[in-house]
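Here the structure comes first, spelled out in structure tokens, and everything after it is commentary.
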Amino acid sequence: MPLHIVHHPAYDAQFDPAHRFPMSKYSLLMREIDALGLAHRGFIHAPALASRTLLSKAHDRLYVDQVCDLRVPETIEKEIGFQVDEKVSRRARYASMGSLMAGQLALEHGIACNTAGGSHHARRAHGAGFCTFNDVAVAACALLDQGRVERVLIVDLDVHQGDGTADIFRGEPRVFTFSMHAERNYPSRKIPSSLDIGLPDGMGDRAYLDQLNAVLPRLIEAGRPDLVFYNAGVDPHMDDRLGRMKMTDQGLEWRERTVIDFFRSRHIPLCGVIGGGYSYDAAAVAKRHVTLFRVGAEFSDG
């Protein structure tokens with residue numbers, strides 16, 4: 001059945017191709033989705049611009065206003081890794097609303113994915129690590145406030161630890177945060193999630209998937225979720241510029257099948273976001289990201 005997909009052209013803030021962050025991957029990902037026949041009419045959804053009120057559910061209002069008014073202090077911009085100009089500000093706002101929309105669609109249809117999202121280094125008071133707003137945190141806070149869900153599980157398999165998500169939900173019993181990441185990679189100072197698994201550099205497919213299969217039942221028991229947000233970062237790939245792991249294309253596909261099948265077979269709605277993936281070859285990164293959507297479509301009820 002077709003997969004519900006959220007996308008907006010503004011996800012691509014049109015960086016110089018030489019920039020360390022491969023911004024064009026968002027446009028290229030949508031091209032891959034279309035080429036695979038996954039872009040079905042009525043199943044592609046465009047988000048609106050997230051309001052300041054919505055963003056303030058997860059972030060301090062001062063920081064929200066700084067981003068929206070294009071006056072982010074230079075010290076924070078350096079921590080983020082790029083200037084927060086109009087295109088970056090709009091991109092972060094659309095992506096946050098996109099993850100909320102994808103979460104709502106997942107609750108209605110069982111599974112849905114955003115072609116952006118997973119900006120898990122953005123903390124309550126500021127952005128960091130190529131992340132301006134923490135879209136998953138914004139979406140989770142909104143759905144909890146709306147009473148659409150009572151408990152949320154965030155499964156973060158990006159190669160970098162989800163420190164911003166951990167910061168935002170520290171002390172929030174309704175949200176269980178799980179991060180499985182390369183222990184020696186960014187960020188150097190990690191904020192404890194509800195559960196963290198730090199992996200050694202150079203881990204390949206089999207060892208990675210063994211760790212994942214062992215922990216998934218613990219997440220159900222501890223999180224008891226009404227909705228799962230899944231950060232499917234592809235930066236554990238062996239060719240990723242920042243990952244330092246050894247997963248193959250096939251390993252990433254097995255990972256997506258493992259996660260999606262685990263939760264969908266238990267009738268728990270799942271919202272996928274794409275997370276990190278880094279290379280000067282943005283088209284190669286987009287091809288890795290499209291695996292989430294191809295596999296997700298196999299588990300969709302339409």
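Naming scheme: A, B, ... for chains in displayed order of the structure tokens; residues 1 onward per chain; ligands 1 onward as shown.
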
Pull the closest atom pair for each residue of stretch 128-164 of chain A that gets at most 9 Å from stretch 273-297 of chain A, along with the distance in Å to one decimal, counting only C-alpha atoms, ordering rows by chain and then ascending residue number, as CSV.
residue,atom,partner,partner_atom,distance
A:Val136,CA,A:Val273,CA,8.3
A:Asp156,CA,A:Gly275,CA,8.6
A:Leu157,CA,A:Gly275,CA,8.5
A:Asp158,CA,A:Gly275,CA,6.2
A:Val159,CA,A:Gly276,CA,7.8
A:His160,CA,A:Gly276,CA,8.4

Residue subset to file, keeping N, CA and C atoms, as a PDB file, in the first residue's frame:
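File produced: selection_39.pdb:
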ATOM      1  N   VAL A 136      11.395  16.431  16.201  1.00  0.00           N
ATOM      2  CA  VAL A 136      10.724  15.320  16.871  1.00  0.00           C
ATOM      3  C   VAL A 136      10.244  15.736  18.253  1.00  0.00           C
ATOM      4  N   ASP A 156      16.291   6.466  18.421  1.00  0.00           N
ATOM      5  CA  ASP A 156      17.259   7.271  17.678  1.00  0.00           C
ATOM      6  C   ASP A 156      18.450   6.388  17.310  1.00  0.00           C
ATOM      7  N   LEU A 157      18.542   6.052  16.007  1.00  0.00           N
ATOM      8  CA  LEU A 157      19.644   5.214  15.524  1.00  0.00           C
ATOM      9  C   LEU A 157      20.609   5.993  14.638  1.00  0.00           C
ATOM     10  N   ASP A 158      20.547   7.296  14.680  1.00  0.00           N
ATOM     11  CA  ASP A 158      21.592   8.132  14.093  1.00  0.00           C
ATOM     12  C   ASP A 158      22.923   7.761  14.755  1.00  0.00           C
ATOM     13  N   VAL A 159      24.024   7.905  14.033  1.00  0.00           N
ATOM     14  CA  VAL A 159      25.315   7.507  14.591  1.00  0.00           C
ATOM     15  C   VAL A 159      25.768   8.422  15.734  1.00  0.00           C
ATOM     16  N   HIS A 160      25.165   9.604  15.824  1.00  0.00           N
ATOM     17  CA  HIS A 160      25.509  10.559  16.882  1.00  0.00           C
ATOM     18  C   HIS A 160      24.448  10.531  17.977  1.00  0.00           C
TER      19      HIS A 160
END

Legend entry - Long-range neighbours of A:Arg255 as number ranges by chain, 12 Å cut-off, only C-alpha atoms, 2 positions minimum in chain: A: 157-158, 204-213, 216, 230-234, 236-237, 247-253, 257-262, 291-292, 295-296

Inset, instruction - From a DSSP calculation on the backbone, collect every residue of stretch 154-204 of chain A in strand (DSSP E or B) and output the set as a list of chain:residue names. - result: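 Of stretch 154-204 of chain A, the ones in strand (DSSP E or B) are A:Ile154, A:Val155, A:Asp156, A:Val175, A:Phe176, A:Thr177, A:Phe178, A:Ser179, A:Met180, A:His181, A:Ala182, A:Leu195, A:Asp196, A:Ile197, A:Gly198, A:Leu199.
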
Using N, CA and C atoms, can you export the residues from the last selection as an mmCIF file, in the first residue's frame?
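Once written, again-v2.cif looks like this:
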data_model
loop_
_atom_site.group_PDB
_atom_site.id
_atom_site.type_symbol
_atom_site.label_atom_id
_atom_site.label_comp_id
_atom_site.auth_asym_id
_atom_site.auth_seq_id
_atom_site.Cartn_x
_atom_site.Cartn_y
_atom_site.Cartn_z
ATOM 1 N N ILE A 154 10.970 7.504 21.575
ATOM 2 C CA ILE A 154 11.843 8.018 20.521
ATOM 3 C C ILE A 154 13.006 7.048 20.368
ATOM 4 N N VAL A 155 13.079 6.413 19.198
ATOM 5 C CA VAL A 155 14.139 5.461 18.882
ATOM 6 C C VAL A 155 15.107 6.167 17.935
ATOM 7 N N ASP A 156 16.291 6.466 18.421
ATOM 8 C CA ASP A 156 17.259 7.271 17.678
ATOM 9 C C ASP A 156 18.450 6.388 17.310
ATOM 10 N N VAL A 175 7.750 10.525 28.002
ATOM 11 C CA VAL A 175 8.584 10.327 26.816
ATOM 12 C C VAL A 175 9.803 9.496 27.194
ATOM 13 N N PHE A 176 9.972 8.360 26.508
ATOM 14 C CA PHE A 176 11.145 7.512 26.714
ATOM 15 C C PHE A 176 12.082 7.732 25.539
ATOM 16 N N THR A 177 13.303 8.183 25.827
ATOM 17 C CA THR A 177 14.273 8.480 24.785
ATOM 18 C C THR A 177 15.338 7.389 24.754
ATOM 19 N N PHE A 178 15.562 6.829 23.562
ATOM 20 C CA PHE A 178 16.570 5.797 23.375
ATOM 21 C C PHE A 178 17.508 6.209 22.257
ATOM 22 N N SER A 179 18.795 6.138 22.518
ATOM 23 C CA SER A 179 19.810 6.473 21.520
ATOM 24 C C SER A 179 20.848 5.366 21.459
ATOM 25 N N MET A 180 21.056 4.802 20.252
ATOM 26 C CA MET A 180 22.134 3.845 20.022
ATOM 27 C C MET A 180 23.076 4.474 19.009
ATOM 28 N N HIS A 181 24.298 4.732 19.413
ATOM 29 C CA HIS A 181 25.184 5.627 18.674
ATOM 30 C C HIS A 181 26.639 5.215 18.864
ATOM 31 N N ALA A 182 27.512 5.831 18.091
ATOM 32 C CA ALA A 182 28.949 5.620 18.269
ATOM 33 C C ALA A 182 29.407 6.405 19.493
ATOM 34 N N LEU A 195 17.615 5.705 27.906
ATOM 35 C CA LEU A 195 18.505 4.566 27.713
ATOM 36 C C LEU A 195 19.452 4.888 26.577
ATOM 37 N N ASP A 196 20.738 4.712 26.819
ATOM 38 C CA ASP A 196 21.768 4.910 25.804
ATOM 39 C C ASP A 196 22.551 3.622 25.616
ATOM 40 N N ILE A 197 22.898 3.332 24.366
ATOM 41 C CA ILE A 197 23.859 2.273 24.063
ATOM 42 C C ILE A 197 24.955 2.897 23.211
ATOM 43 N N GLY A 198 26.152 2.976 23.760
ATOM 44 C CA GLY A 198 27.293 3.507 23.034
ATOM 45 C C GLY A 198 28.055 2.379 22.365
ATOM 46 N N LEU A 199 28.279 2.503 21.065
ATOM 47 C CA LEU A 199 28.923 1.461 20.273
ATOM 48 C C LEU A 199 30.359 1.853 19.933
#

Inset, instruction - Choose the residue, out of A:Val84, A:Ile44, A:Leu270, A:Ala112, that has the smallest atom-to-atom separation from A:Arg71; count only C-alpha atoms. - result: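 Among the listed residues, the smallest separation from A:Arg71 belongs to A:Val84.
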
Legend entry - Residue list (helix (DSSP H, G or I), DSSP) for stretch 65-297 of chain A, as a VMD selection string: chain A and resid 65 to 68 74 to 80 86 to 109 135 to 145 163 to 168 205 to 223 249 to 264 282 to 297

Inset, instruction - Determine, counting only C-alpha atoms, which protein, DNA and RNA residues have an atom within 12 Å of an atom of A:Ser89; residues of the same chain fewer than 4 positions away are not included. Present the result as a ChimeraX atom specification. - result: /A:10-13,49-52,55,63-72,77,82-85,93-96,127,131-133

Inset, instruction - Please measure the separation of atom CA of A:Leu38 and atom CA of A:Ala137, giving the value in Å to one decimal. - result: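 These atoms are spaced 27.1 Å apart.
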
Inset, instruction - Tell me which of A:Gln104, A:Ser99, A:Ser56, A:Gln14 sits closest to A:Arg123, counting only C-alpha atoms. - result: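 Nearest to A:Arg123: A:Ser56.
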
Inset, instruction - Between A:Asn114, A:Ser194, A:Thr75, A:Ser27, single out the one closest to A:Arg170, counting only C-alpha atoms. - result: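 Closest candidate: A:Ser194.
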